[in-house]
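A quick write-up on the structure given underneath.
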Amino acid sequence: MSNPIPHEDGMDHTLSLLREGYLYILNRRRGFNSDVFETRLLGKKAICMGGKDAAEIFYDPDKFQREGSAPNRLKQTLFGKGAIQTLDGAQHKHRKEMFMSLMSLDNLKRLKEMIKVQWETTAEKWEQSDEIVFYEEVQEMLCKVACQWAGVPVPGDEVKNLTNDLEAMYESPGAMGPDHWKGRNARNRVEKWVQELVDNVRDGKIQPPEETALFRFSWHRDLEGNLLNAEIVSVEVINILRPIVAISIYLNFTLLALHHHPEERKKLLSGDEKHAEMFIQEVRRYYPFFPFIAARVRTNFMWKNYQFEENTLTLLDLYGTNHDPLVWDNPDVFRPQRFNDWEGSPFGFIPQGGGEYLMGHRCAGEWVTMELMKESLDYLLNGIAYDVPNQDLSYSMVSVPSIPHSKIVIQNVNRN
């Protein structure tokens with residue numbers, strides 16, 4: 001005999017989700033004193049869950065599937081139609097292997113060298129300006145790195161437009177009206193352009209390096225031995241470019257953390273690599289990035305005496321799990337040292353999703369995120385000096401994605 005899942009009264013709570021953003025699920029988990037509750041979103045029943053145990057069951061492929069879970073507005077902006085995030089089973093595993101083939105030590109070393117060069121070039125330009133808007137500048141820098149690493153040739157005068165389009169894709173999924181259409185139009189433009197590049201690769205008109213995403217994805221074959229169609233290759237190449245540009249959010253919060261925690265800056269200046277990694281992990285845990293992720297119940301099952309019914313939309317609370325007091329001591333305190341004795345659970349620390357890399361749905365680009373954040377942190381500490389003038393450094397827990405309202409203005413940049 002199952003227990004009834006705690007239920008949120010009311011006809012629909014979509015507007016509440018939009019109003020509360022990152023805290024919507026966490027607020028109700030606390031209110032119900034339960035890691036699982038039932039609500040109604042977009043007129044249909046949905047289950048929301050959070051915490052380490054919930055994440056572990058959520059990433060069980062026998063219990064949940066991704067197919068049918070992403071709304072069209074998300075596919076039309078953030079992911080793209082037919083993307084790896086929407087696949088399950090053997091198809092997902094095969095596509096994931098394609099992505100993971102990029103994560104070799106040599107490829108990650110290439111990435112680190114690229115970001116070092118871009119930091120030096122960018123900082124040289126900053127020295128000529130009275131002040132710069134950090135978020136906007138690092139977006140463009142990361143776009144250059146992403147294109148170079150992925151083997152995507154982009155003319156210098158088009159980098160800014162491409163950066164803006166990639167930004168629009170990840171800033172528009174939760175938006176309404178013109179902002180949402182801005183993201184959809186941006187995706188359509190970039191997909192069409194990358195499709196032409198894929199056709200040119202296959203026709204021998206351009207030859208990107210063999211270790212790059214454009215080359216490997218263009219020649220990747222599905223389980224039936226057929227080349228992926230150009231539209232799917234385009235979507236997946238963008239799934240390399242867009243997330244790298246989105247790391248600008250983490251870099252903005254890295255700069256904010258250095259500003260708000262000068263005692264941590266002093267520790268980092270000692271050159272302790274382990275402390276640098278702990279600092280980066282704490283930035284990823286503490287600050288908002290993704291609020292939640294969706295799946296559908298694959299087949300009826302019982303968990304903690306609650307009945308989960310086939311095809312029910314289910315949301316996993318990413319932000320709330322990273323702030324769960326059952327997982328993290330004093331979770332609302334910024335404390336990098338907590339990672340000194342972290343056991344490395346793939347379900348308790350899930351800023352970019354959880355589970356296993358190869359067999360599961362954990363983000364394949366997490367290693368890329370870490371490497372780019374490490375090199376950027378090092379440059380912010382040792383490569384430049386700068387001032388942070390008075391400004392609005394607060395950030396919203398409603399807007400998704402969230403960044404400091406001022407996008408962090410810095411002045412008087414000088415290379416060391």
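Each chain in the structure tokens gets a letter, A, B and so on, in the order shown; residues start at 1 in every chain, and ligands are counted from 1 in the order they appear.
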
What residues in range 286-397 of chain A get the DSSP label strand (DSSP E)? Please answer as a PDB file with C-alpha atoms, in the first residue's frame.
```pdb
ATOM      1  CA  PHE A 292      16.105  21.915 -12.369  1.00  0.00           C
ATOM      2  CA  ILE A 293      16.071  19.224 -15.039  1.00  0.00           C
ATOM      3  CA  ALA A 294      13.144  17.222 -16.434  1.00  0.00           C
ATOM      4  CA  ALA A 295      12.394  13.584 -17.260  1.00  0.00           C
ATOM      5  CA  ARG A 296       9.353  11.329 -17.534  1.00  0.00           C
ATOM      6  CA  VAL A 297       8.595   8.185 -15.577  1.00  0.00           C
ATOM      7  CA  PHE A 301       7.433   2.021  -9.824  1.00  0.00           C
ATOM      8  CA  MET A 302       7.433   2.544  -6.077  1.00  0.00           C
ATOM      9  CA  TRP A 303      10.032   4.686  -4.266  1.00  0.00           C
ATOM     10  CA  TYR A 306       5.348   6.641  -3.108  1.00  0.00           C
ATOM     11  CA  GLN A 307       3.834   5.501  -6.391  1.00  0.00           C
ATOM     12  CA  PHE A 308       5.336   6.973  -9.572  1.00  0.00           C
ATOM     13  CA  LEU A 313       6.646  14.662 -15.869  1.00  0.00           C
ATOM     14  CA  THR A 314       9.231  14.839 -13.086  1.00  0.00           C
ATOM     15  CA  LEU A 315      11.562  17.707 -12.183  1.00  0.00           C
ATOM     16  CA  LEU A 316      14.786  17.208 -10.246  1.00  0.00           C
ATOM     17  CA  ASP A 317      15.859  20.163  -8.106  1.00  0.00           C
ATOM     18  CA  ILE A 384      45.865  40.990 -14.045  1.00  0.00           C
ATOM     19  CA  ALA A 385      45.181  43.630 -11.433  1.00  0.00           C
ATOM     20  CA  TYR A 386      41.853  45.447 -11.515  1.00  0.00           C
ATOM     21  CA  ASP A 387      39.439  47.524  -9.445  1.00  0.00           C
TER      22      ASP A 387
END
```

- Task: Write out as an MDAnalysis selection string the residues lying within 6 Å of range 43-52 of chain A, counting only C-alpha atoms and excluding same-chain residues fewer than 2 positions away.
- Result: chainID A and resid 12 35:41 54:55 313:317 321 347:348

- For Cys143 in chain A, work out the shell of residues within 10 Å, counting only C-alpha atoms and skipping chain neighbours fewer than 4 positions away, then give it as a VMD selection string. chain A and resid 138 to 139 147 to 149 154 159 to 160 162 to 164 166 to 167 241 to 246 248

- Task: Excluding Asp392 in chain A and residues on its chain fewer than 6 positions from it, collect all residues at most 8 Å away from it, counting only C-alpha atoms, and give them as a ChimeraX atom specification.
- Result: /A:404-406

- Task: Could you give me, as a ChimeraX atom specification, the residues within 12 Å of Asn305 in chain A, counting only C-alpha atoms and dropping anything in the same chain fewer than 4 positions from it?
- Result: /A:1-5,36,301

- Separation of CA of His275 in chain A from CA of Asn340 in chain A in Å: 8.2 Å

Which residues of range 66-127 of chain A come within 12 Å of range 362-377 of chain A, and what is each one's closest atom pair and distance in Å (one decimal), counting only C-alpha atoms, sorted by chain and residue number, as a tab-separated table?
```
residue	atom	partner	partner_atom	distance
A:Ile84	CA	A:Cys363	CA	10.3
A:Gln85	CA	A:Cys363	CA	9.1
A:His92	CA	A:Arg362	CA	11.6
A:Lys93	CA	A:Arg362	CA	11.6
A:Arg95	CA	A:Ala364	CA	10.9
A:Lys96	CA	A:Ala364	CA	7.6
A:Glu97	CA	A:Ala364	CA	9.4
A:Met98	CA	A:Ala364	CA	10.0
A:Phe99	CA	A:Ala364	CA	6.6
A:Met100	CA	A:Ala364	CA	6.3
A:Ser101	CA	A:Ala364	CA	9.9
A:Leu102	CA	A:Ala364	CA	9.3
A:Met103	CA	A:Trp367	CA	7.5
A:Ser104	CA	A:Trp367	CA	10.1
A:Leu105	CA	A:Trp367	CA	10.3
A:Asn107	CA	A:Val368	CA	9.8
A:Leu108	CA	A:Val368	CA	7.1
A:Lys109	CA	A:Glu371	CA	8.8
A:Arg110	CA	A:Glu371	CA	10.6
A:Leu111	CA	A:Leu372	CA	7.8
A:Lys112	CA	A:Glu371	CA	6.6
A:Glu113	CA	A:Glu375	CA	9.1
A:Met114	CA	A:Leu372	CA	9.6
A:Ile115	CA	A:Leu372	CA	6.9
A:Lys116	CA	A:Glu375	CA	6.9
A:Val117	CA	A:Glu375	CA	10.6
A:Gln118	CA	A:Ser376	CA	10.1
A:Trp119	CA	A:Ser376	CA	7.6
A:Glu120	CA	A:Ser376	CA	10.7
A:Thr122	CA	A:Ser376	CA	11.9
A:Ala123	CA	A:Ser376	CA	11.6
```

- So which residues of range 179-226 of chain A fall under helix (DSSP H, G or I) by DSSP, listed as a VMD selection string? chain A and resid 179 to 202 213 to 218

Residue selection dump (C-alpha atoms) as a short mmCIF file (atom, residue, chain, number, x, y, z; two decimals), in the first residue's frame:
```cif
data_model
loop_
_atom_site.label_atom_id
_atom_site.label_comp_id
_atom_site.auth_asym_id
_atom_site.auth_seq_id
_atom_site.Cartn_x
_atom_site.Cartn_y
_atom_site.Cartn_z
CA ASP A 179 12.97 37.52 -25.73
CA HIS A 180 11.88 33.95 -26.40
CA TRP A 181 11.62 34.59 -30.13
CA LYS A 182 15.05 36.17 -30.05
CA GLY A 183 16.41 32.82 -28.86
CA ARG A 184 14.47 30.83 -31.46
CA ASN A 185 15.61 33.07 -34.30
CA ALA A 186 19.19 32.88 -33.05
CA ARG A 187 19.09 29.08 -33.07
CA ASN A 188 17.62 28.97 -36.56
CA ARG A 189 20.39 31.24 -37.86
CA VAL A 190 23.24 29.36 -36.26
CA GLU A 191 21.86 25.91 -37.12
CA LYS A 192 21.58 26.88 -40.79
CA TRP A 193 25.15 28.22 -40.81
CA VAL A 194 26.63 25.15 -39.11
CA GLN A 195 24.70 22.85 -41.46
CA GLU A 196 26.46 24.54 -44.36
CA LEU A 197 29.80 23.93 -42.63
CA VAL A 198 28.94 20.25 -42.19
CA ASP A 199 28.06 19.97 -45.89
CA ASN A 200 31.36 21.66 -46.75
CA VAL A 201 33.28 19.21 -44.56
CA ARG A 202 31.63 16.25 -46.24
CA ALA A 213 33.91 18.38 -32.90
CA LEU A 214 33.11 19.63 -36.40
CA PHE A 215 35.21 16.87 -37.97
CA ARG A 216 34.20 14.01 -35.65
CA PHE A 217 30.50 14.85 -35.56
CA SER A 218 30.35 15.31 -39.34
#
```

Can you list, as a PDB file with C-alpha atoms, in the first residue's frame, every protein, DNA or RNA residue that comes within 6 Å of range 20-34 of chain A when you count only C-alpha atoms, leaving out same-chain residues fewer than 6 positions away?
```pdb
ATOM      1  CA  PRO A 291      17.400  25.405 -11.506  1.00  0.00           C
ATOM      2  CA  GLY A 320      18.104  22.800  -4.107  1.00  0.00           C
ATOM      3  CA  MET A 397      16.931  33.990  -7.777  1.00  0.00           C
ATOM      4  CA  VAL A 398      14.049  34.299 -10.241  1.00  0.00           C
TER       5      VAL A 398
END
```
